[in-house]
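Written out below as structure tokens is the structure these notes cover.
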Amino acid sequence: NAGVMQNPRHLVRRRGQEARLRCSPMKGHSHVYWYRQLPEEGLKFMVYLQKENIIDESGMPKERFSAEFPKEGPSILRIQQVVRGDSAAYFCASSPGRAVGEQFFGPGTRLTVL
Amino acid sequence: QQQVKQSPQSLIVQKGGISIINCAYENTAFDYFPWYQQFPGKGPALLIAIRPDVSEKKEGRFTISFNKSAKQFSLHIMDSQPGDSATYFCAASGAGANNLFFGTGTRLTVIP
């Protein structure tokens with residue numbers, strides 16, 4: 001049973017470009033969470049999605065960031081017009097239900113903005 | 001605003017010693033307190049978790065102690081091994097919450 005998959009593992013973008021981060025949840029999991037980890041800090045919640053629905057985006061920056069989890073395919077976190085402050089590790093977690101205790105984390109995507 | 005405060009930031013322990021990491025929280029609605037272990041280049045992995053109805057939970061060499069009145073909880077790693085060297089995060093969540101609130105992490109180094 002494969003775990004949560006994220007790709008790419010490393011992503012380098014120049015300021016102003018777009019970054020697309022993908023997350024494939026574990027088999028049987030229909031709930032996806034995105035967290036951001038800045039250097040030397042803990043993970044901070046960004047958004048919680050179920051298939052085709054955004055349930056909670058209270059941690060998402062108001063501008064440039066968006067997320068989706070389509071009926072088919074992986075969940076995507078999209079960052080438009082990246083800035084240096086967006087450099088971080090972005091982790092996706094999935095769960096079979098809504099209970100936070102059942103979140104399994106992927107290996108993360110490390111975004112570097114030059 | 002940091003919902004969960006964690007200390008120390010880094011910790012060096014001799015092999016065979018006890019590693020202790022502490023966390024404190026303010027939100028009395030929190031009712032789930034997990035600890036995660038993260039190795040470099042990997043995602044966090046759930047290590048052990050506790051709910052406030054018990055004051056201690058033990059799994060192998062890992063123990064969580066929970067003090068509800070003080071709003072504090074801690075992780076004890078007994079007989080620490082070099083393979084335990086990692087970053088440890090405490091976290092908390094409340095009933096109906098959609099997410100975990102993480103501490104800032106403790107980088108543990110166990111020296112042989």
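All residue names refer to the structure tokens as shown: chains lettered A, B, ... in order, residues numbered from 1 in each chain, ligands numbered from 1 in order.
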Open item on the list: Residues within 10 Å of stretch 7-19 of chain B, please, as a PyMOL selection string. Count only C-alpha atoms; anything in the same chain fewer than 3 positions from it doesn't count.
Closed with: (chain A and resi 40-41) or (chain B and resi 22-24+61-62+74-85+87-90+103-112)
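Selecting chain A residues within 6 Å of chain B and counting only C-alpha atoms yields Glu41, Gly42, Leu43, Phe105, Gly106, Pro107 and Gly108 of chain A.
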Open item on the list: When DSSP is applied to the backbone of this structure, which of chain A are assigned helix (DSSP H, G or I)? Write them out as a PyMOL selection string.
Closed with: chain A and resi 84-86+100-102
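Among the candidate residues A:Leu49, A:Met60, A:Val113, A:Ala89, the one lying nearest to A:Arg36 is A:Ala89, with distances computed using only C-alpha atoms.
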Open item on the list: Could you tell me how far atom CA of B:Ile48 sits from atom CA of B:Ser69, in Å to one decimal place?
Closed with: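 Straight-line distance from atom CA of B:Ser69 to atom CA of B:Ile48 works out to 21.1 Å.
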Task: DSSP strand (DSSP E) residues within chain B, as a PyMOL selection string - done: chain B and resi 4-7+10-14+19-25+30-38+45-50+56-59+62-67+72-77+86-94+101-102+106-111
TODO: May I ask for the distance between atom CA of A:Val100 and atom CA of A:Lys27, given in Å to one decimal place?
DONE: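 Here the two named atoms are 17.3 Å from each other.
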